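Trainee: So I've got this file, my_file.tsv, and it contains TSV, C-alpha atoms (C1' of nucleotides):
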```tsv
chain	number	residue	atom	x	y	z
I	1	MET	CA	-38.05	19.71	-22.48
I	2	SER	CA	-35.91	22.79	-22.49
I	3	SER	CA	-33.08	22.14	-20.14
I	4	THR	CA	-32.00	25.76	-20.38
I	5	GLN	CA	-35.07	26.72	-18.44
I	6	ALA	CA	-34.34	24.34	-15.56
I	7	LEU	CA	-30.74	25.45	-15.08
I	8	ARG	CA	-29.70	26.49	-11.63
I	9	PRO	CA	-27.51	29.57	-11.42
I	10	VAL	CA	-24.28	27.60	-11.15
I	11	GLU	CA	-25.12	25.52	-14.19
I	12	ARG	CA	-26.01	28.64	-16.07
I	13	SER	CA	-22.60	30.15	-15.36
I	14	VAL	CA	-20.90	26.92	-16.29
I	15	GLN	CA	-22.80	26.74	-19.53
I	16	ASP	CA	-21.76	30.30	-20.36
I	17	GLN	CA	-18.17	29.54	-19.52
I	18	LEU	CA	-18.21	26.46	-21.72
I	19	ALA	CA	-19.95	28.30	-24.55
I	20	ALA	CA	-17.28	30.97	-24.40
I	21	ASN	CA	-14.82	28.18	-25.19
I	22	GLY	CA	-16.94	26.74	-27.97
I	23	VAL	CA	-17.78	23.69	-25.89
I	24	ARG	CA	-21.17	22.08	-25.36
I	25	PHE	CA	-22.75	21.39	-22.01
I	26	THR	CA	-23.63	17.76	-22.65
I	27	GLY	CA	-25.24	15.15	-20.49
I	28	GLY	CA	-21.94	13.57	-19.55
I	29	ARG	CA	-20.44	16.87	-18.46
I	30	ARG	CA	-23.60	17.77	-16.60
I	31	ALA	CA	-23.44	14.47	-14.74
I	32	VAL	CA	-19.83	14.97	-13.66
I	33	LEU	CA	-20.61	18.50	-12.57
I	34	GLY	CA	-23.55	17.20	-10.59
I	35	VAL	CA	-21.42	14.73	-8.66
I	36	LEU	CA	-18.79	17.36	-7.91
I	37	GLN	CA	-21.45	19.76	-6.72
I	38	VAL	CA	-22.63	17.46	-3.98
I	39	ALA	CA	-19.19	16.07	-3.12
I	40	ASP	CA	-17.54	17.12	0.13
I	41	GLY	CA	-14.06	16.94	-1.35
I	42	PRO	CA	-12.12	16.31	-4.55
I	43	ARG	CA	-12.98	13.20	-6.55
I	44	SER	CA	-10.82	10.99	-8.74
I	45	ALA	CA	-11.88	9.65	-12.13
I	46	ALA	CA	-12.43	6.23	-10.58
I	47	GLU	CA	-14.58	7.70	-7.79
I	48	LEU	CA	-16.60	9.66	-10.31
I	49	GLN	CA	-17.12	6.56	-12.40
I	50	GLN	CA	-18.47	4.73	-9.38
I	51	ALA	CA	-20.71	7.64	-8.45
I	52	LEU	CA	-22.07	7.65	-11.99
I	53	ALA	CA	-23.23	4.02	-11.74
I	54	GLY	CA	-20.24	2.65	-13.57
I	55	ASP	CA	-21.45	2.65	-17.14
I	56	VAL	CA	-19.28	5.58	-18.21
I	57	PRO	CA	-15.99	4.71	-19.92
I	58	VAL	CA	-12.94	6.09	-18.16
I	59	SER	CA	-11.66	7.68	-21.33
I	60	SER	CA	-14.76	9.83	-21.55
I	61	LEU	CA	-14.41	10.77	-17.91
I	62	TYR	CA	-10.83	11.88	-18.34
I	63	ARG	CA	-11.75	13.79	-21.44
I	64	THR	CA	-14.61	15.49	-19.64
I	65	LEU	CA	-12.35	16.40	-16.75
I	66	THR	CA	-9.68	17.76	-19.08
I	67	ILE	CA	-12.23	19.92	-20.89
I	68	LEU	CA	-13.71	21.19	-17.63
I	69	GLU	CA	-10.23	21.99	-16.37
I	70	ASP	CA	-9.31	23.82	-19.56
I	71	CYS	CA	-12.46	25.90	-19.26
I	72	GLY	CA	-11.74	26.75	-15.63
I	73	ILE	CA	-14.69	24.81	-14.22
I	74	VAL	CA	-12.69	22.32	-12.16
I	75	VAL	CA	-9.20	22.21	-10.74
I	76	PRO	CA	-7.00	19.16	-10.17
I	77	HIS	CA	-5.67	18.13	-6.81
I	78	HIS	CA	-2.75	15.73	-6.64
I	79	GLY	CA	-2.97	13.54	-3.61
I	80	LEU	CA	-1.65	10.25	-2.36
I	81	ARG	CA	-0.15	7.68	-4.69
I	82	GLY	CA	-0.34	9.66	-7.87
I	83	VAL	CA	-4.11	9.82	-8.03
I	84	THR	CA	-5.51	13.07	-9.35
I	85	ARG	CA	-8.75	14.29	-7.84
I	86	TYR	CA	-10.86	17.12	-9.21
I	87	GLU	CA	-13.06	19.67	-7.55
I	88	LEU	CA	-15.04	22.70	-8.64
I	89	ALA	CA	-12.99	25.85	-9.18
I	90	GLU	CA	-12.97	28.51	-6.52
I	91	TRP	CA	-15.28	30.87	-8.37
I	92	ILE	CA	-17.96	28.17	-8.09
I	93	ARG	CA	-17.20	26.41	-4.85
I	94	GLY	CA	-15.58	29.22	-2.92
I	95	HIS	CA	-12.11	29.37	-1.48
I	96	HIS	CA	-11.31	26.61	0.97
I	97	HIS	CA	-8.60	24.29	2.21
I	98	HIS	CA	-8.09	20.58	2.71
I	99	LEU	CA	-7.79	18.06	5.47
I	100	VAL	CA	-5.77	15.15	4.14
I	101	CYS	CA	-5.78	11.81	5.94
I	102	THR	CA	-2.23	10.51	6.13
I	103	ASN	CA	-3.54	6.98	6.29
I	104	CYS	CA	-6.26	6.51	3.69
I	105	GLY	CA	-5.67	9.59	1.56
I	106	ALA	CA	-9.22	10.89	1.88
I	107	VAL	CA	-9.53	14.62	1.38
I	108	ASP	CA	-12.13	16.79	3.05
I	109	ASP	CA	-12.84	20.44	2.41
I	110	ILE	CA	-12.56	22.97	5.19
I	111	GLU	CA	-13.30	26.65	5.28
I	112	LEU	CA	-11.46	29.02	7.53
I	113	ASP	CA	-13.32	31.80	9.25
I	114	GLU	CA	-12.96	35.23	7.74
I	115	ASP	CA	-10.34	36.59	10.12
I	116	THR	CA	-8.17	33.52	9.81
I	117	GLU	CA	-8.38	33.50	6.06
I	118	GLU	CA	-7.55	37.16	5.89
I	119	GLY	CA	-4.51	36.63	8.06
I	120	LEU	CA	-3.41	33.78	5.86
I	121	SER	CA	-3.83	35.87	2.73
I	122	LYS	CA	-1.69	38.64	4.14
I	123	LEU	CA	0.92	36.10	5.09
I	124	VAL	CA	0.91	34.63	1.61
I	125	ALA	CA	1.19	38.05	-0.01
I	126	ALA	CA	4.12	38.97	2.18
I	127	VAL	CA	5.98	35.73	1.57
I	128	ALA	CA	5.36	35.83	-2.16
I	129	GLU	CA	6.57	39.37	-2.47
I	130	ASN	CA	9.61	38.44	-0.47
I	131	ALA	CA	10.29	35.71	-3.02
I	132	GLY	CA	9.78	38.02	-5.98
I	133	LEU	CA	6.69	36.26	-7.23
I	134	THR	CA	3.13	37.40	-7.82
I	135	PRO	CA	0.80	35.21	-5.79
I	136	GLU	CA	-2.07	33.76	-7.79
I	137	GLY	CA	-3.41	31.59	-5.05
I	138	HIS	CA	-2.55	29.53	-2.03
I	139	THR	CA	-3.29	26.13	-0.60
I	140	LEU	CA	-3.16	25.09	3.02
I	141	GLU	CA	-3.35	21.41	3.73
I	142	ILE	CA	-3.60	19.96	7.18
I	143	GLU	CA	-2.46	16.38	7.54
I	144	GLY	CA	-3.63	13.88	10.09
I	145	ARG	CA	-5.73	10.81	10.70
I	146	CYS	CA	-9.33	11.15	9.72
I	147	ARG	CA	-12.06	9.89	12.02
I	148	ARG	CA	-12.34	6.54	10.29
I	149	CYS	CA	-8.64	5.78	10.47
T	1	MET	CA	39.15	4.30	3.68
T	2	SER	CA	36.81	4.49	6.59
T	3	SER	CA	33.75	6.34	5.40
T	4	THR	CA	32.46	6.54	8.93
T	5	GLN	CA	35.17	8.98	9.75
T	6	ALA	CA	34.33	11.35	6.89
T	7	LEU	CA	30.60	11.53	7.69
T	8	ARG	CA	29.10	14.95	8.09
T	9	PRO	CA	26.66	15.33	10.96
T	10	VAL	CA	23.61	14.89	8.77
T	11	GLU	CA	24.94	11.71	7.28
T	12	ARG	CA	25.82	10.43	10.68
T	13	SER	CA	22.23	10.92	11.85
T	14	VAL	CA	20.90	9.32	8.72
T	15	GLN	CA	23.16	6.34	9.17
T	16	ASP	CA	21.96	5.94	12.72
T	17	GLN	CA	18.37	6.20	11.63
T	18	LEU	CA	18.91	3.59	8.95
T	19	ALA	CA	20.80	1.31	11.31
T	20	ALA	CA	17.91	1.51	13.75
T	21	ASN	CA	15.80	0.02	10.98
T	22	GLY	CA	18.33	-2.66	10.12
T	23	VAL	CA	19.15	-0.97	6.84
T	24	ARG	CA	22.60	-0.27	5.38
T	25	PHE	CA	23.82	3.11	4.27
T	26	THR	CA	25.03	2.04	0.83
T	27	GLY	CA	26.58	3.99	-1.99
T	28	GLY	CA	23.34	4.27	-3.89
T	29	ARG	CA	21.49	5.63	-0.89
T	30	ARG	CA	24.32	7.98	-0.12
T	31	ALA	CA	24.20	9.31	-3.68
T	32	VAL	CA	20.47	9.99	-3.56
T	33	LEU	CA	20.85	11.69	-0.21
T	34	GLY	CA	23.63	13.82	-1.63
T	35	VAL	CA	21.49	15.06	-4.50
T	36	LEU	CA	18.61	15.87	-2.18
T	37	GLN	CA	20.91	17.72	0.18
T	38	VAL	CA	21.97	20.22	-2.45
T	39	ALA	CA	18.56	20.44	-4.16
T	40	ASP	CA	16.50	23.59	-3.66
T	41	GLY	CA	13.23	21.71	-3.86
T	42	PRO	CA	11.68	18.22	-4.12
T	43	ARG	CA	13.01	15.89	-6.80
T	44	SER	CA	11.29	13.14	-8.76
T	45	ALA	CA	12.80	9.75	-9.49
T	46	ALA	CA	13.45	10.82	-13.08
T	47	GLU	CA	15.14	14.02	-11.95
T	48	LEU	CA	17.28	12.10	-9.51
T	49	GLN	CA	18.26	9.65	-12.19
T	50	GLN	CA	19.40	12.50	-14.40
T	51	ALA	CA	21.30	14.12	-11.57
T	52	LEU	CA	23.03	10.80	-10.93
T	53	ALA	CA	24.44	10.64	-14.46
T	54	GLY	CA	21.78	8.25	-15.70
T	55	ASP	CA	23.37	4.90	-15.05
T	56	VAL	CA	21.13	4.04	-12.13
T	57	PRO	CA	18.12	1.84	-12.90
T	58	VAL	CA	14.79	3.38	-11.98
T	59	SER	CA	13.78	0.35	-9.98
T	60	SER	CA	16.73	0.87	-7.66
T	61	LEU	CA	15.88	4.54	-7.33
T	62	TYR	CA	12.32	3.83	-6.39
T	63	ARG	CA	13.44	1.19	-3.95
T	64	THR	CA	15.94	3.57	-2.41
T	65	LEU	CA	13.31	6.27	-2.09
T	66	THR	CA	10.83	3.85	-0.55
T	67	ILE	CA	13.40	2.71	2.00
T	68	LEU	CA	14.40	6.28	2.84
T	69	GLU	CA	10.75	7.20	3.22
T	70	ASP	CA	10.05	4.23	5.46
T	71	CYS	CA	12.99	5.22	7.66
T	72	GLY	CA	11.80	8.82	7.88
T	73	ILE	CA	14.70	10.28	5.91
T	74	VAL	CA	12.69	11.69	3.02
T	75	VAL	CA	9.07	12.64	2.49
T	76	PRO	CA	7.05	12.49	-0.72
T	77	HIS	CA	5.44	15.49	-2.33
T	78	HIS	CA	2.72	14.93	-4.94
T	79	GLY	CA	2.85	17.60	-7.56
T	80	LEU	CA	1.84	18.23	-11.13
T	81	ARG	CA	0.67	15.37	-13.34
T	82	GLY	CA	0.85	12.76	-10.65
T	83	VAL	CA	4.61	12.87	-10.36
T	84	THR	CA	5.94	12.19	-6.89
T	85	ARG	CA	8.90	14.27	-5.76
T	86	TYR	CA	10.92	13.59	-2.65
T	87	GLU	CA	12.73	15.88	-0.28
T	88	LEU	CA	14.57	15.48	2.99
T	89	ALA	CA	12.37	15.13	6.05
T	90	GLU	CA	11.78	18.11	8.28
T	91	TRP	CA	14.12	16.93	11.03
T	92	ILE	CA	16.95	17.17	8.49
T	93	ARG	CA	15.96	19.99	6.23
T	94	GLY	CA	13.89	22.02	8.63
T	95	HIS	CA	10.23	22.91	8.33
T	96	HIS	CA	9.43	24.92	5.23
T	97	HIS	CA	6.85	25.54	2.57
T	98	HIS	CA	6.65	25.60	-1.20
T	99	LEU	CA	6.36	28.09	-3.99
T	100	VAL	CA	4.75	26.31	-6.91
T	101	CYS	CA	4.92	27.81	-10.38
T	102	THR	CA	1.50	27.56	-12.00
T	103	ASN	CA	3.14	27.56	-15.39
T	104	CYS	CA	6.10	25.18	-15.36
T	105	GLY	CA	5.39	23.25	-12.16
T	106	ALA	CA	8.77	24.01	-10.59
T	107	VAL	CA	8.78	23.85	-6.80
T	108	ASP	CA	11.00	26.00	-4.62
T	109	ASP	CA	11.41	25.83	-0.90
T	110	ILE	CA	10.59	28.80	1.30
T	111	GLU	CA	10.93	29.33	5.00
T	112	LEU	CA	8.63	31.56	6.97
T	113	ASP	CA	10.00	33.72	9.72
T	114	GLU	CA	9.44	32.48	13.23
T	115	ASP	CA	6.46	34.64	14.12
T	116	THR	CA	4.67	33.83	10.91
T	117	GLU	CA	5.27	30.13	11.26
T	118	GLU	CA	4.08	30.16	14.83
T	119	GLY	CA	0.91	31.91	13.80
T	120	LEU	CA	0.35	29.36	11.09
T	121	SER	CA	0.89	26.47	13.48
T	122	LYS	CA	-1.68	27.85	15.88
T	123	LEU	CA	-4.09	28.29	13.04
T	124	VAL	CA	-3.57	24.73	11.92
T	125	ALA	CA	-4.03	23.36	15.41
T	126	ALA	CA	-7.24	25.30	15.86
T	127	VAL	CA	-8.70	24.23	12.54
T	128	ALA	CA	-7.73	20.59	13.00
T	129	GLU	CA	-9.26	20.43	16.45
T	130	ASN	CA	-12.37	22.04	15.07
T	131	ALA	CA	-12.53	19.22	12.53
T	132	GLY	CA	-11.97	16.50	15.13
T	133	LEU	CA	-8.59	15.44	13.79
T	134	THR	CA	-5.16	15.34	15.30
T	135	PRO	CA	-2.82	17.44	13.17
T	136	GLU	CA	0.36	15.63	12.18
T	137	GLY	CA	1.64	18.33	9.91
T	138	HIS	CA	0.69	21.06	7.51
T	139	THR	CA	1.64	22.29	4.09
T	140	LEU	CA	1.28	25.78	2.73
T	141	GLU	CA	1.78	26.20	-0.96
T	142	ILE	CA	1.86	29.53	-2.67
T	143	GLU	CA	1.05	29.48	-6.35
T	144	GLY	CA	2.24	31.93	-8.94
T	145	ARG	CA	4.57	32.49	-11.84
T	146	CYS	CA	8.18	31.87	-11.07
T	147	ARG	CA	10.82	34.32	-12.29
T	148	ARG	CA	11.58	32.34	-15.42
T	149	CYS	CA	7.96	32.11	-16.50
X	1	DT	C1'	27.38	-18.19	5.26
X	2	DT	C1'	23.60	-15.17	5.69
X	3	DC	C1'	20.97	-11.42	4.57
X	4	DC	C1'	20.63	-7.13	2.48
X	5	DT	C1'	20.99	-4.84	-1.90
X	6	DT	C1'	20.93	-4.32	-6.80
X	7	DG	C1'	19.81	-5.05	-11.73
X	8	DC	C1'	16.89	-6.50	-15.27
X	9	DA	C1'	12.62	-7.32	-17.13
X	10	DA	C1'	7.89	-8.07	-16.68
X	11	DA	C1'	3.76	-6.45	-14.43
X	12	DC	C1'	0.58	-2.78	-12.87
X	13	DG	C1'	-2.45	1.11	-12.35
X	14	DA	C1'	-3.61	5.68	-13.77
X	15	DT	C1'	-4.11	8.42	-17.65
X	16	DT	C1'	-3.93	9.46	-22.72
X	17	DT	C1'	-4.73	8.87	-27.57
X	18	DG	C1'	-6.21	7.05	-32.38
X	19	DC	C1'	-10.01	6.03	-34.85
X	20	DA	C1'	-14.55	5.09	-36.11
X	21	DT	C1'	-19.34	6.17	-34.63
X	22	DT	C1'	-22.96	8.92	-32.66
X	23	DG	C1'	-25.54	13.05	-31.90
X	24	DG	C1'	-26.87	17.83	-31.43
X	25	DA	C1'	-27.42	22.64	-33.52
K	1	DT	C1'	-24.81	18.81	-42.93
K	2	DC	C1'	-20.94	19.51	-39.95
K	3	DC	C1'	-18.21	19.34	-36.20
K	4	DA	C1'	-18.08	18.30	-31.35
K	5	DA	C1'	-18.62	14.36	-28.29
K	6	DT	C1'	-18.37	9.51	-27.23
K	7	DG	C1'	-16.96	4.60	-26.92
K	8	DC	C1'	-13.66	1.16	-27.40
K	9	DA	C1'	-9.18	-0.55	-27.54
K	10	DA	C1'	-4.40	0.11	-27.77
K	11	DA	C1'	-0.68	2.87	-26.18
K	12	DT	C1'	1.99	5.62	-22.64
K	13	DC	C1'	3.93	6.88	-18.39
K	14	DG	C1'	5.17	6.61	-13.69
K	15	DT	C1'	5.82	3.16	-10.40
K	16	DT	C1'	6.09	-1.61	-8.40
K	17	DT	C1'	7.50	-6.39	-8.07
K	18	DG	C1'	9.58	-11.25	-8.94
K	19	DC	C1'	13.65	-13.35	-9.35
K	20	DA	C1'	18.47	-14.22	-9.76
K	21	DA	C1'	23.15	-12.24	-9.08
K	22	DG	C1'	26.36	-9.35	-6.27
K	23	DG	C1'	28.31	-7.76	-1.68
K	24	DA	C1'	29.10	-6.58	2.97
K	25	DA	C1'	29.19	-8.19	7.79
```
Written as structure tokens, how would this file's structure read?
Mentor:
Amino acid sequence: MSSTQALRPVERSVQDQLAANGVRFTGGRRAVLGVLQVADGPRSAAELQQALAGDVPVSSLYRTLTILEDCGIVVPHHGLRGVTRYELAEWIRGHHHHLVCTNCGAVDDIELDEDTEEGLSKLVAAVAENAGLTPEGHTLEIEGRCRRC
Amino acid sequence: MSSTQALRPVERSVQDQLAANGVRFTGGRRAVLGVLQVADGPRSAAELQQALAGDVPVSSLYRTLTILEDCGIVVPHHGLRGVTRYELAEWIRGHHHHLVCTNCGAVDDIELDEDTEEGLSKLVAAVAENAGLTPEGHTLEIEGRCRRC
DNA sequence: TTCCTTGCAAACGATTTGCATTGGA
DNA sequence: TCCAATGCAAATCGTTTGCAAGGAA
């Protein structure tokens, strides 16, 4: 079957982005992308491996993640205990922030309402200018105990 | 000589805090504290080792950092490539945020003015409550190219 | 003397890399 | 066919831990 035909818009954009870098959109990469698309927060290589039924070697996972990061499809998030978790880039997933559990390290996405986010952006711009630096982005993390902890 | 007499206020508080945990304020711990006091951003174990002239074993450094963290003297910051950097806790260093260079990974401290910080705190409280989580803290990171990059 | 602290080396967990094989355009 | 992609195993890197020696109260 022609997988090109069945592509959803996001996958189409990703495929284009990969193609622009001379990289193929293979089954393994598609699978990782699929998990990240339905995830409610960043995922580590180990978590991805589990989500993918466990028969994917870690080396391939890390290579996939590195490629996707280089192509601007995913971004890394460095959380508790040196574990790196990945999530879809902002142009795919939208801008958002994180709730980080200080106990178990779980990370959940949150979106701020428009007014709040606009206020935050202005704040960031002002502070960055003050520091003589061009802001490329910002991250707000709120720390606390998640419901399970 | 009596080192107790020469203690600056910060060191006095730290000593008290350590004593409350049944922990001594030894030379090694004093040295690490000294480096962090003059640092303009979080420092990793490797960076501390270099700053300390290199003759301190890493295991001791990590143990020192763990102890200081347990006693609430320093807090960890997880940055690029899974490296953990430590900085003095807020009650010593004051509440602040970070400028992170997207190119070289350097982290600089920044302080927001009072109004801005108050606005941010309210925002955090509102968002956290909305998410059913008690906020214990927040981190705002502004990303961009630092002056050198 | 009694613990706390330190040093050294081995152990660990996350991530990376070399190399041979597989697979798609 | 040709080069990217994958699997496996070994290597690396940051960090942790067991154990014996050193030190302060």
Trainee: At a cut-off of 10 Å, using all atoms listed in the file, what residues contact DT5 of chain X? Leave out same-chain residues fewer than 2 positions from it and give the result as a PyMOL selection string.
Mentor: (chain T and resi 23-24+26+28+60+63-64) or (chain X and resi 3+7) or (chain K and resi 22-24)
Trainee: Could you pull the residues within 12 Å of DA9 of chain X, counting all atoms listed in the file, minus those fewer than 4 positions along the same chain, as a list in words?
Mentor: Pro57 and Ser59 of chain T; DT17, DG18, DC19 and DA20 of chain K
Trainee: Let me make sure I understand: among T:Gly137, T:Gly144, T:Gly54, T:Gly27, which one has the smallest atom-to-atom distance to Thr102 of chain I if we use only C-alpha atoms?
Mentor: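 When distances to Thr102 of chain I are compared using only C-alpha atoms, the smallest one comes from T:Gly137.
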Trainee: To one decimal place, how far is atom CA of Ala89 of chain I from atom CA of Glu111 of chain I in Å?
Mentor: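 Separation between atom CA of Ala89 of chain I and atom CA of Glu111 of chain I: 14.5 Å.
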Trainee: Should the cut-off be 12 Å, what would the residue list for chain I against chain X look like, counting only C-alpha atoms (C1' of nucleotides), as an mmCIF file with C-alpha atoms, keeping the file's coordinate frame?
Mentor:
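As a result, iface11.cif now contains:
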```
data_model
loop_
_atom_site.group_PDB
_atom_site.id
_atom_site.type_symbol
_atom_site.label_atom_id
_atom_site.label_comp_id
_atom_site.auth_asym_id
_atom_site.auth_seq_id
_atom_site.Cartn_x
_atom_site.Cartn_y
_atom_site.Cartn_z
ATOM 1 C CA ARG I 24 -21.170 22.080 -25.360
ATOM 2 C CA PHE I 25 -22.750 21.390 -22.010
ATOM 3 C CA THR I 26 -23.630 17.760 -22.650
ATOM 4 C CA GLY I 27 -25.240 15.150 -20.490
ATOM 5 C CA SER I 44 -10.820 10.990 -8.740
ATOM 6 C CA ALA I 45 -11.880 9.650 -12.130
ATOM 7 C CA ALA I 46 -12.430 6.230 -10.580
ATOM 8 C CA VAL I 58 -12.940 6.090 -18.160
ATOM 9 C CA SER I 59 -11.660 7.680 -21.330
ATOM 10 C CA SER I 60 -14.760 9.830 -21.550
ATOM 11 C CA LEU I 61 -14.410 10.770 -17.910
ATOM 12 C CA TYR I 62 -10.830 11.880 -18.340
ATOM 13 C CA ARG I 63 -11.750 13.790 -21.440
ATOM 14 C CA LEU I 65 -12.350 16.400 -16.750
ATOM 15 C CA THR I 66 -9.680 17.760 -19.080
ATOM 16 C CA ARG I 81 -0.150 7.680 -4.690
ATOM 17 C CA GLY I 82 -0.340 9.660 -7.870
ATOM 18 C CA VAL I 83 -4.110 9.820 -8.030
ATOM 19 C CA THR I 84 -5.510 13.070 -9.350
ATOM 20 C CA ARG I 85 -8.750 14.290 -7.840
#
```
Trainee: Please check the contacts: residues of chain T at most 9 Å away from chain I, using only C-alpha atoms, listed as a count of residues only.
Mentor: 37
Trainee: Produce a table with one row for each residue of chain K that has an atom at most 9 Å from any atom of chain T, each row naming the nearest atom pair and its distance in Å at one decimal; use all atoms listed in the file; arrange rows by chain and rising residue number; format as JSON lines.
Mentor:
```
{"residue": "K:DG14", "atom": "C1'", "partner": "T:Val83", "partner_atom": "CA", "distance": 7.1}
{"residue": "K:DT15", "atom": "C1'", "partner": "T:Tyr62", "partner_atom": "CA", "distance": 7.7}
{"residue": "K:DT16", "atom": "C1'", "partner": "T:Ser59", "partner_atom": "CA", "distance": 8.1}
```
Trainee: Only C-alpha atoms (C1' of nucleotides), please: the residues just picked out, written as a PDB file, in the frame of the given file.
Mentor:
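Dumped to out11.pdb:
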```pdb
ATOM      1  C1'  DG K  14       5.170   6.610 -13.690  1.00  0.00           C
ATOM      2  C1'  DT K  15       5.820   3.160 -10.400  1.00  0.00           C
ATOM      3  C1'  DT K  16       6.090  -1.610  -8.400  1.00  0.00           C
TER       4       DT K  16
END
```
Trainee: Which centre and which edge lengths, in Å to one decimal, describe the axis-aligned box that holds all listed atoms of segment 17-34 of chain T after 5 Å is added on each side, as AutoDock Vina command-line options?
Mentor:
```
--center_x 21.2 --center_y 5.6 --center_z 4.9 --size_x 20.8 --size_y 26.5 --size_z 27.6
```
Trainee: Just the number, please: distance in Å from atom CA of Pro9 of chain I to atom CA of Trp91 of chain I, one decimal.
Mentor: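 Spanning atom CA of Pro9 of chain I to atom CA of Trp91 of chain I is a straight-line distance of 12.7 Å.
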Trainee: Suppose you want the space between atom CA of Arg30 of chain I and atom CA of His97 of chain I; what is it in Å?
Mentor: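 Value for the atom CA of Arg30 of chain I-atom CA of His97 of chain I distance: 24.9 Å.
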Trainee: With only C-alpha atoms (C1' of nucleotides) as the atoms that count, which of I:Ala20, I:Leu33, I:Val56, I:Ile73 lies nearest to DC8 of chain K?
Mentor: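 Distance minimum relative to DC8 of chain K lands on I:Val56.
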